[in-house]
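Structure file target-v2.cif; described as mmCIF, C-alpha atoms.
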```
data_start
#
loop_
_atom_site.label_atom_id
_atom_site.label_comp_id
_atom_site.auth_asym_id
_atom_site.auth_seq_id
_atom_site.Cartn_x
_atom_site.Cartn_y
_atom_site.Cartn_z
CA MET D 1 23.58 19.91 -0.91
CA GLY D 2 23.79 16.35 -2.19
CA ALA D 3 27.62 16.47 -2.28
CA ASN D 4 29.76 13.64 -0.98
CA ILE D 5 29.75 13.72 2.80
CA ARG D 6 31.78 11.87 5.38
CA GLY D 7 32.21 11.09 9.03
CA ASN D 8 29.67 12.69 11.31
CA ASP D 9 28.17 15.01 8.69
CA GLU D 10 24.42 15.39 8.74
CA VAL D 11 22.60 13.46 6.01
CA SER D 12 19.72 15.38 4.43
CA ILE D 13 16.76 13.25 3.35
CA LEU D 14 13.87 13.82 0.96
CA LEU D 15 10.77 11.64 1.33
CA VAL D 16 8.85 11.23 -1.94
CA GLY D 17 5.50 9.77 -0.93
CA ILE D 18 4.57 9.64 2.76
CA GLY D 19 1.12 8.08 2.50
CA GLY D 20 0.76 4.31 2.37
CA TYR D 21 4.07 2.51 2.84
CA GLY D 22 5.94 5.81 2.85
CA GLY D 23 4.49 6.50 6.28
CA ASN D 24 6.76 3.78 7.66
CA TYR D 25 9.82 5.79 6.69
CA ILE D 26 8.78 9.03 8.36
CA LYS D 27 7.83 7.12 11.53
CA ALA D 28 11.15 5.28 11.54
CA LEU D 29 13.17 8.46 11.10
CA PHE D 30 11.41 10.31 13.91
CA ASP D 31 10.15 7.61 16.27
CA ASP D 32 12.37 4.52 15.99
CA ALA D 33 15.05 4.14 18.64
CA ARG D 34 17.12 2.12 16.17
CA ALA D 35 17.81 5.35 14.26
CA GLY D 36 20.26 6.48 16.96
CA PRO D 37 23.51 5.04 15.56
CA TYR D 38 22.77 6.54 12.12
CA LYS D 39 22.37 10.13 13.26
CA PRO D 40 22.82 12.98 12.53
CA PHE D 41 20.29 13.27 9.74
CA LYS D 42 17.45 15.62 8.92
CA VAL D 43 14.33 15.28 6.82
CA ALA D 44 14.68 18.24 4.49
CA GLY D 45 11.27 17.82 2.90
CA ALA D 46 8.39 15.59 1.89
CA VAL D 47 6.73 15.44 -1.53
CA ASP D 48 3.21 14.11 -2.03
CA VAL D 49 0.14 14.88 -4.10
CA ASP D 50 -2.42 13.81 -1.49
CA GLY D 51 -3.85 16.47 0.81
CA PRO D 52 -3.75 14.33 3.99
CA ALA D 53 0.00 13.89 3.54
CA ARG D 54 0.43 17.61 4.22
CA GLY D 55 -0.93 17.06 7.72
CA VAL D 56 1.40 14.10 8.29
CA ALA D 57 4.40 16.20 7.28
CA ALA D 58 3.25 19.08 9.49
CA SER D 59 2.89 16.77 12.49
CA TYR D 60 6.60 16.01 12.22
CA GLY D 61 7.64 19.55 11.34
CA VAL D 62 8.72 18.54 7.83
CA PRO D 63 8.45 21.07 4.96
CA PHE D 64 5.88 19.87 2.43
CA TYR D 65 6.03 20.15 -1.36
CA GLU D 66 3.62 19.03 -4.05
CA THR D 67 6.33 18.27 -6.62
CA ILE D 68 9.92 17.10 -6.71
CA ASP D 69 10.84 20.16 -8.78
CA ALA D 70 9.44 22.47 -6.11
CA PHE D 71 11.55 20.79 -3.43
CA TYR D 72 14.80 20.96 -5.40
CA ALA D 73 14.19 24.58 -6.35
CA GLU D 74 14.75 25.45 -2.69
CA ASN D 75 16.73 22.52 -1.27
CA GLY D 76 18.93 19.53 -1.92
CA ALA D 77 19.12 16.07 -0.42
CA ASP D 78 21.85 13.52 0.06
CA LEU D 79 19.29 10.71 -0.03
CA ALA D 80 15.85 10.59 -1.68
CA ILE D 81 13.44 7.85 -0.57
CA ILE D 82 10.74 7.05 -3.11
CA SER D 83 7.55 5.33 -1.89
CA THR D 84 5.12 6.04 -4.70
CA PRO D 85 3.13 3.95 -7.23
CA ILE D 86 5.13 1.74 -9.59
CA TYR D 87 4.43 3.85 -12.67
CA LEU D 88 6.22 6.82 -11.06
CA HIS D 89 9.38 5.03 -9.92
CA CYS D 90 11.45 5.53 -13.05
CA GLU D 91 10.74 9.22 -13.67
CA GLN D 92 11.13 10.12 -10.01
CA THR D 93 14.36 8.16 -9.59
CA LEU D 94 15.81 9.88 -12.66
CA ALA D 95 14.72 13.29 -11.34
CA CYS D 96 16.39 12.77 -7.98
CA LEU D 97 19.60 11.40 -9.49
CA ALA D 98 19.80 14.42 -11.80
CA ARG D 99 19.68 16.70 -8.72
CA GLY D 100 22.60 14.93 -7.04
CA SER D 101 20.73 12.65 -4.63
CA ASN D 102 21.31 9.01 -3.89
CA VAL D 103 18.05 7.05 -4.12
CA LEU D 104 16.33 4.36 -2.08
CA CYS D 105 13.30 3.32 -4.16
CA GLU D 106 10.61 1.05 -2.84
CA LYS D 107 10.05 -2.23 -4.68
CA PRO D 108 9.79 -3.00 -7.48
CA LEU D 109 12.43 -0.91 -9.24
CA CYS D 110 10.01 0.11 -12.03
CA ALA D 111 7.41 -1.28 -14.41
CA SER D 112 9.56 -2.32 -17.38
CA ILE D 113 13.05 -3.60 -18.06
CA ASP D 114 13.48 -0.75 -20.54
CA ASP D 115 12.99 1.74 -17.71
CA ALA D 116 15.29 -0.32 -15.48
CA ARG D 117 18.09 0.10 -18.00
CA LYS D 118 17.43 3.87 -18.10
CA ILE D 119 17.85 3.98 -14.32
CA GLU D 120 21.11 2.01 -14.46
CA ARG D 121 22.54 4.39 -17.07
CA ALA D 122 21.44 7.48 -15.12
CA GLU D 123 22.91 6.07 -11.91
CA ALA D 124 26.30 5.60 -13.58
CA ALA D 125 26.20 9.08 -15.12
CA ALA D 126 25.27 10.75 -11.83
CA GLY D 127 27.92 8.96 -9.78
CA LYS D 128 25.29 8.24 -7.14
CA PHE D 129 23.70 5.01 -5.95
CA VAL D 130 20.22 3.59 -6.46
CA ARG D 131 19.09 0.92 -4.03
CA VAL D 132 15.75 -0.90 -3.98
CA GLY D 133 13.77 -1.59 -0.80
CA TYR D 134 13.70 -5.38 -0.83
CA GLN D 135 14.05 -6.04 2.90
CA LEU D 136 15.50 -9.52 2.41
CA SER D 137 18.40 -8.13 0.40
CA PHE D 138 19.43 -6.08 3.44
CA SER D 139 18.96 -8.92 5.94
CA ARG D 140 22.22 -10.00 7.55
CA ALA D 141 20.98 -13.60 7.56
CA VAL D 142 20.21 -13.54 3.83
CA LEU D 143 23.55 -11.88 3.06
CA ALA D 144 25.37 -14.58 5.03
CA LEU D 145 23.48 -17.26 3.09
CA LYS D 146 24.30 -15.54 -0.21
CA ALA D 147 27.99 -15.45 0.72
CA ASP D 148 27.99 -19.19 1.46
CA ILE D 149 26.25 -19.93 -1.82
CA ALA D 150 28.80 -17.86 -3.74
CA GLY D 151 31.60 -19.52 -1.78
CA GLY D 152 30.48 -22.98 -2.91
CA LEU D 153 29.56 -24.33 0.52
CA PHE D 154 26.54 -26.20 -0.85
CA GLY D 155 27.89 -27.01 -4.30
CA LYS D 156 26.31 -25.90 -7.55
CA PRO D 157 22.76 -24.45 -7.37
CA LEU D 158 20.30 -26.75 -9.15
CA MET D 159 16.71 -25.68 -8.48
CA PHE D 160 15.01 -22.96 -6.43
CA LYS D 161 11.27 -22.91 -5.73
CA THR D 162 8.91 -20.77 -3.65
CA ILE D 163 5.17 -20.72 -3.02
CA VAL D 164 3.44 -17.84 -1.24
CA HIS D 165 -0.20 -16.74 -1.10
CA TYR D 166 -1.38 -13.32 0.07
CA PRO D 167 -5.20 -13.22 -0.05
CA ARG D 168 -6.46 -9.77 -1.01
CA ASP D 169 -10.04 -8.50 -0.79
CA GLU D 170 -11.91 -6.00 -2.95
CA ALA D 171 -10.90 -3.13 -0.64
CA TYR D 172 -7.28 -3.85 -1.59
CA TYR D 173 -8.06 -3.17 -5.23
CA ALA D 174 -10.21 -0.14 -4.43
CA ARG D 175 -7.66 1.56 -2.18
CA ASN D 176 -6.10 3.58 -5.01
CA GLY D 177 -6.26 4.08 -8.76
CA TRP D 178 -3.42 1.73 -9.73
CA ALA D 179 -3.86 -1.48 -7.70
CA GLY D 180 -4.09 -4.48 -9.99
CA ARG D 181 -3.80 -2.37 -13.14
CA ARG D 182 -1.69 -2.99 -16.22
CA ARG D 183 -1.80 0.67 -17.25
CA MET D 184 -3.02 3.96 -15.92
CA PRO D 185 -5.84 5.70 -17.81
CA ASP D 186 -3.26 7.98 -19.44
CA GLY D 187 -1.41 4.95 -20.80
CA ARG D 188 1.52 4.80 -18.38
CA LEU D 189 2.62 1.23 -17.72
CA THR D 190 2.08 -0.03 -14.16
CA LEU D 191 1.93 -3.86 -14.29
CA ASP D 192 0.81 -4.10 -10.67
CA SER D 193 0.30 -7.76 -9.74
CA PRO D 194 1.25 -10.21 -7.00
CA LEU D 195 4.50 -10.93 -8.86
CA HIS D 196 5.41 -7.27 -9.27
CA ASN D 197 4.30 -5.97 -5.90
CA ALA D 198 3.06 -7.91 -2.87
CA VAL D 199 5.22 -11.03 -3.25
CA SER D 200 7.97 -9.62 -5.47
CA HIS D 201 10.28 -9.86 -2.44
CA HIS D 202 10.41 -13.60 -2.83
CA ILE D 203 11.06 -13.72 -6.57
CA ASN D 204 13.75 -11.12 -6.08
CA ASN D 205 15.26 -13.07 -3.19
CA MET D 206 15.77 -16.21 -5.29
CA LEU D 207 17.42 -14.22 -8.07
CA PHE D 208 19.48 -12.25 -5.55
CA LEU D 209 20.76 -15.37 -3.79
CA LEU D 210 21.82 -16.82 -7.13
CA GLY D 211 23.80 -13.71 -8.11
CA ASP D 212 27.53 -14.17 -8.54
CA ALA D 213 28.46 -10.93 -6.77
CA PRO D 214 27.23 -9.24 -3.57
CA ASP D 215 25.33 -6.56 -5.51
CA ARG D 216 24.19 -8.74 -8.40
CA ALA D 217 21.32 -11.14 -9.08
CA ALA D 218 21.12 -14.09 -11.44
CA GLU D 219 20.16 -13.12 -14.98
CA PRO D 220 17.08 -14.85 -16.39
CA ALA D 221 17.79 -16.74 -19.61
CA SER D 222 14.14 -17.55 -20.31
CA VAL D 223 10.74 -17.34 -18.64
CA GLN D 224 7.60 -19.43 -19.03
CA ALA D 225 4.47 -18.50 -17.07
CA GLU D 226 0.76 -19.04 -16.63
CA LEU D 227 -1.23 -15.98 -15.57
CA TYR D 228 -4.83 -16.13 -14.41
CA ARG D 229 -7.45 -13.69 -13.14
CA GLY D 230 -10.17 -14.79 -10.75
CA ASN D 231 -10.95 -11.44 -9.16
CA PRO D 232 -13.15 -9.18 -11.31
CA ASP D 233 -11.66 -6.16 -9.52
CA ALA D 234 -8.23 -6.87 -11.05
CA ASP D 235 -7.26 -5.63 -14.49
CA ASN D 236 -4.00 -7.58 -14.42
CA PHE D 237 -3.61 -11.18 -13.24
CA ASP D 238 -4.04 -12.17 -9.58
CA THR D 239 -2.66 -15.72 -9.83
CA ALA D 240 0.61 -16.89 -11.35
CA ALA D 241 2.90 -19.84 -11.81
CA LEU D 242 6.24 -19.36 -13.52
CA ARG D 243 9.45 -21.10 -14.41
CA CYS D 244 12.60 -19.09 -14.95
CA ALA D 245 15.79 -20.62 -16.32
CA THR D 246 18.81 -18.60 -15.19
CA ARG D 247 22.03 -18.09 -17.10
CA GLY D 248 23.88 -19.87 -14.30
CA GLY D 249 21.95 -23.06 -15.04
CA ALA D 250 19.57 -23.22 -12.07
CA ASP D 251 15.82 -23.30 -12.63
CA MET D 252 13.47 -21.16 -10.54
CA LEU D 253 9.81 -21.96 -9.90
CA PHE D 254 7.33 -19.60 -8.28
CA TYR D 255 3.62 -19.91 -7.37
CA THR D 256 1.31 -17.28 -5.92
CA SER D 257 -2.29 -16.04 -5.75
CA HIS D 258 -4.37 -13.22 -4.32
CA ALA D 259 -7.61 -15.04 -5.28
CA LEU D 260 -8.05 -17.03 -2.09
CA ALA D 261 -10.40 -16.65 0.85
CA ARG D 262 -8.18 -18.43 3.37
CA GLU D 263 -7.47 -16.93 6.80
CA GLY D 264 -4.13 -15.15 6.68
CA ASN D 265 -1.19 -15.51 4.35
CA TYR D 266 0.43 -18.77 3.36
CA GLY D 267 4.20 -18.91 3.16
CA PRO D 268 6.58 -18.13 1.79
CA VAL D 269 7.58 -21.78 1.69
CA CYS D 270 10.94 -22.14 -0.04
CA GLN D 271 13.24 -24.96 -1.09
CA PHE D 272 16.59 -24.25 -2.70
CA ARG D 273 18.35 -27.39 -3.97
CA PHE D 274 22.13 -27.61 -4.42
CA GLU D 275 24.55 -30.42 -5.23
CA ARG D 276 25.29 -31.12 -1.56
CA ALA D 277 22.47 -29.50 0.42
CA THR D 278 18.93 -28.15 0.42
CA VAL D 279 18.14 -24.76 1.95
CA VAL D 280 14.60 -24.48 3.29
CA HIS D 281 12.28 -21.88 4.77
CA SER D 282 8.75 -22.62 5.93
CA ASP D 283 7.87 -20.32 8.81
CA GLU D 284 6.24 -17.07 7.75
CA ARG D 285 6.82 -15.67 11.25
CA GLU D 286 10.58 -15.89 10.64
CA HIS D 287 10.72 -14.67 7.07
CA GLU D 288 14.44 -13.86 7.25
CA THR D 289 15.38 -17.31 8.57
CA PHE D 290 16.70 -20.15 6.40
CA THR D 291 18.14 -23.57 7.26
CA ALA D 292 20.66 -25.47 5.18
CA LEU D 293 20.23 -29.25 5.39
CA PHE D 294 23.36 -30.97 4.10
CA ASP D 295 23.17 -34.35 2.41
CA ASP D 296 25.54 -35.79 5.06
CA GLY D 297 23.07 -34.91 7.84
CA ALA D 298 24.66 -31.67 9.03
CA SER D 299 22.74 -28.39 9.13
CA LYS D 300 23.37 -24.66 9.35
CA ARG D 301 20.84 -22.02 10.38
CA TYR D 302 20.74 -18.47 9.04
CA ALA D 303 18.72 -16.19 11.33
CA PRO D 304 18.97 -12.46 12.03
CA ARG D 305 19.85 -11.37 15.54
CA ALA D 306 17.22 -8.65 15.43
CA PRO D 307 15.04 -8.47 12.29
CA ASP D 308 14.48 -4.89 11.18
CA GLN D 309 12.46 -4.12 8.04
CA MET D 310 13.96 -0.63 8.10
CA GLN D 311 17.55 -1.90 7.83
CA LYS D 312 17.38 -0.72 4.22
CA LEU D 313 16.87 2.84 5.47
CA TRP D 314 19.70 2.76 8.00
CA ASP D 315 22.11 1.21 5.49
CA CYS D 316 21.33 3.85 2.86
CA ILE D 317 21.81 6.67 5.35
CA ALA D 318 25.19 5.21 6.30
CA ALA D 319 26.13 4.81 2.63
CA SER D 320 25.17 8.43 1.92
CA ARG D 321 27.68 9.41 4.60
CA GLY D 322 30.42 7.46 2.84
CA GLY D 323 29.89 4.03 4.38
CA PRO D 324 29.59 0.76 2.45
CA THR D 325 27.00 0.80 -0.32
CA PRO D 326 24.29 -1.82 0.32
CA PRO D 327 23.98 -4.72 -2.13
CA SER D 328 20.34 -4.26 -3.19
CA SER D 329 21.35 -2.47 -6.37
CA ALA D 330 19.28 -1.31 -9.31
CA ALA D 331 21.15 -3.85 -11.46
CA ALA D 332 20.18 -6.67 -9.08
CA ALA D 333 16.54 -5.55 -8.87
CA ALA D 334 16.37 -5.33 -12.67
CA ALA D 335 16.48 -9.14 -12.79
CA GLU D 336 13.07 -9.27 -11.07
CA VAL D 337 11.69 -6.74 -13.56
CA LEU D 338 13.02 -8.84 -16.46
CA CYS D 339 11.49 -11.99 -15.00
CA VAL D 340 8.05 -10.44 -14.46
CA ASN D 341 8.04 -8.75 -17.87
CA GLY D 342 8.89 -12.12 -19.39
CA ALA D 343 5.99 -13.71 -17.54
CA GLN D 344 3.57 -11.12 -18.96
CA LEU D 345 4.85 -11.83 -22.48
CA SER D 346 4.63 -15.59 -21.97
CA HIS D 347 0.92 -15.97 -21.27
CA PRO D 348 -2.05 -13.71 -22.09
CA ILE D 349 -4.06 -13.14 -18.92
CA ALA D 350 -6.76 -15.83 -18.77
CA THR D 351 -9.97 -15.04 -16.90
CA ILE D 352 -11.09 -18.01 -14.81
CA PRO D 353 -14.70 -18.95 -15.71
CA GLY D 354 -17.32 -17.71 -13.27
CA GLU D 355 -18.52 -21.20 -12.31
CA TYR D 356 -15.19 -21.76 -10.53
CA VAL D 357 -15.22 -18.42 -8.69
CA ARG D 358 -16.99 -17.42 -5.49
CA ARG D 359 -17.15 -14.09 -3.64
CA ILE D 360 -16.96 -14.54 0.11
CA GLY D 361 -17.59 -11.97 2.85
CA GLU D 362 -19.35 -8.65 3.32
CA PRO D 363 -19.67 -6.24 0.39
CA GLY D 364 -16.65 -3.97 0.27
CA ARG D 365 -14.43 -6.57 1.97
CA ARG D 366 -15.21 -9.64 -0.13
CA HIS D 367 -12.50 -12.11 -1.07
CA THR D 368 -12.42 -13.98 -4.35
CA GLN D 369 -12.14 -17.74 -3.96
CA VAL D 370 -11.23 -19.91 -6.95
CA ASP D 371 -12.33 -23.44 -6.14
CA GLY D 372 -9.44 -25.90 -5.99
CA LEU D 373 -6.82 -23.26 -6.77
CA GLU D 374 -4.81 -23.48 -3.55
CA ASN D 375 -4.52 -27.26 -3.77
CA LEU D 376 -3.61 -27.04 -7.46
CA LEU D 377 -0.72 -24.65 -6.83
CA GLU D 378 0.53 -26.69 -3.87
CA ARG D 379 0.58 -29.84 -6.04
CA CYS D 380 2.48 -27.94 -8.71
CA TYR D 381 5.00 -26.74 -6.13
CA ASP D 382 5.57 -30.29 -4.87
CA ALA D 383 5.93 -31.72 -8.38
CA MET D 384 7.82 -28.71 -9.82
CA LEU D 385 5.28 -28.31 -12.61
CA LEU D 386 3.20 -25.51 -14.09
CA PRO D 387 -0.58 -26.04 -13.85
CA SER D 388 -0.95 -26.99 -17.52
CA GLU D 389 1.73 -29.67 -17.07
CA THR D 390 -0.19 -31.63 -14.45
CA CYS D 391 -2.10 -34.75 -15.45
CA ALA D 392 -5.29 -34.33 -17.45
CA ASP D 393 -7.41 -35.62 -14.57
CA CYS D 394 -5.67 -33.27 -12.09
CA ARG D 395 -5.91 -29.93 -13.85
CA PRO D 396 -9.00 -27.75 -14.29
CA PRO D 397 -10.14 -27.01 -17.84
CA TRP D 398 -9.30 -23.31 -17.59
CA VAL D 399 -5.52 -23.77 -17.46
CA SER D 400 -3.37 -23.26 -20.56
CA PRO D 401 0.37 -23.31 -21.26
CA GLY D 402 2.48 -20.23 -21.75
CA LYS D 403 5.23 -19.95 -24.31
CA ILE D 404 8.92 -19.90 -23.41
CA VAL D 405 10.23 -16.35 -23.76
CA ALA D 406 13.98 -15.87 -24.19
CA ALA D 407 15.58 -13.00 -22.29
CA ASP D 408 16.56 -11.16 -25.48
CA GLU D 409 12.86 -11.02 -26.43
CA ILE D 410 12.01 -9.14 -23.23
CA THR D 411 12.42 -5.60 -24.56
CA ASN D 412 10.20 -2.73 -25.73
CA ILE D 413 7.69 -3.75 -23.07
CA ASN D 414 5.60 -0.61 -23.43
CA ASP D 415 4.87 -1.54 -27.04
CA LYS D 416 4.27 -5.25 -26.42
CA LEU D 417 1.89 -5.16 -23.44
#
```
In structure tokens, write the structure found in this file.
Amino acid sequence: MGANIRGNDEVSILLVGIGGYGGNYIKALFDDARAGPYKPFKVAGAVDVDGPARGVAASYGVPFYETIDAFYAENGADLAIISTPIYLHCEQTLACLARGSNVLCEKPLCASIDDARKIERAEAAAGKFVRVGYQLSFSRAVLALKADIAGGLFGKPLMFKTIVHYPRDEAYYARNGWAGRRRMPDGRLTLDSPLHNAVSHHINNMLFLLGDAPDRAAEPASVQAELYRGNPDADNFDTAALRCATRGGADMLFYTSHALAREGNYGPVCQFRFERATVVHSDEREHETFTALFDDGASKRYAPRAPDQMQKLWDCIAASRGGPTPPSSAAAAAAEVLCVNGAQLSHPIATIPGEYVRRIGEPGRRHTQVDGLENLLERCYDAMLLPSETCADCRPPWVSPGKIVAADEITNINDKL
């Protein structure tokens, strides 16, 4: 099992984690009509530590195991799909590679850039592939846009910026033992935050689009960030603004917060500026759709024919059968890890003073609202500034600048954070 397969051979699949987001994979494999063209495949087993997951596996007739070792003692898999907490991604990816499986790991790739490099080395040694579940990196519309960027259609990339807010209530932080944590109680690094989980898609997408090869992302040259915590339920930051200078010369700016009590999400709103055009996105209902507005008045729209958040799954099944390997590589996803690690080194987490913070809603489902925060981040997005760079009369007293961290300083993260 786990050997190279071709043609119409059956692809065997291991699901590591079937609670939470992992439930989407088991439903797609058994219930989604779009799976048809990618058959034959079989789910050889499911691994999870939670008792209720055993019942989910049984309802689909899938053998259940409590550990990866127990599964591989009896079976093999051509493709392992990992949908577990961030702090487990590295060790589980390495374990599956060592047993001869290709890996589709949910985002982000792992907690630290040091672990990301371990994964890249293990991938090369195993002769297998590791792909990361950033849906946008599998989108046909995004891939077409990336190809046009690389082909020079818009001229040289100059500046990319994105703002996106995903309000999260106290139940979000209480749903498991790692949400919003920097470390687990046993010391394992997690670094769960908006940047490294909920909205990491959109940081990754900017880096991915700027990559000079289909399976590569732009390499950060330096990172400067401001990290704030308004929600007392969070151990890590819940609000961030960052600037990333890439080695290709383009600057990236990103703004996000969970500490808002607004109805629904905001964004992503994106603007990517080039020498001869600006690519924009502003409709959260069409998150795979981008429009290029050329300086001469022309335009070009990039929209998927049929958006499918499980395209990552279908592409990895096809690749495990010998088809083209998808571009969302471990090396590309490592750029996001480097960027977020740099942000954490740039700015110690600053707790927003209580007089600026309100708790809104019923106990157990309360949102944290930082007064003036949403407007502040929107002004920063428009002006391409970090909060501490705004005028003295515009910025609240709790903001502070972060230091510029060069990429070669972003190492040994476990010892520095």
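Considering only C-alpha atoms, the residue among D:Phe294, D:Phe254, D:Tyr21, D:Tyr173 positioned nearest to Asp235 in chain D is D:Tyr173.
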Evaluate the PyMOL selection byres ((chain D and resi 279) around 8) and report residues as a PyMOL selection string = chain D and resi 270-273+277-278+280-281+290-293
Polymer residues at most 12 Å from Pro185 in chain D, only C-alpha atoms, same-chain spacing of 6 or more positions, as a ChimeraX atom specification | /D:87,177-178,235
Do you know which residues are at most 10 Å from Thr190 in chain D counting only C-alpha atoms, after dropping those on the same chain fewer than 2 positions away, and could you put them as an NGL selection string?
-> :D and (85-89 or 110-112 or 178-184 or 187-188 or 192-193 or 196 or 236 or 414)
Across D:Arg358, D:Lys107, D:Arg99, D:Lys156, the smallest distance to Gln135 in chain D, with only C-alpha atoms counted, is shown by D:Lys107
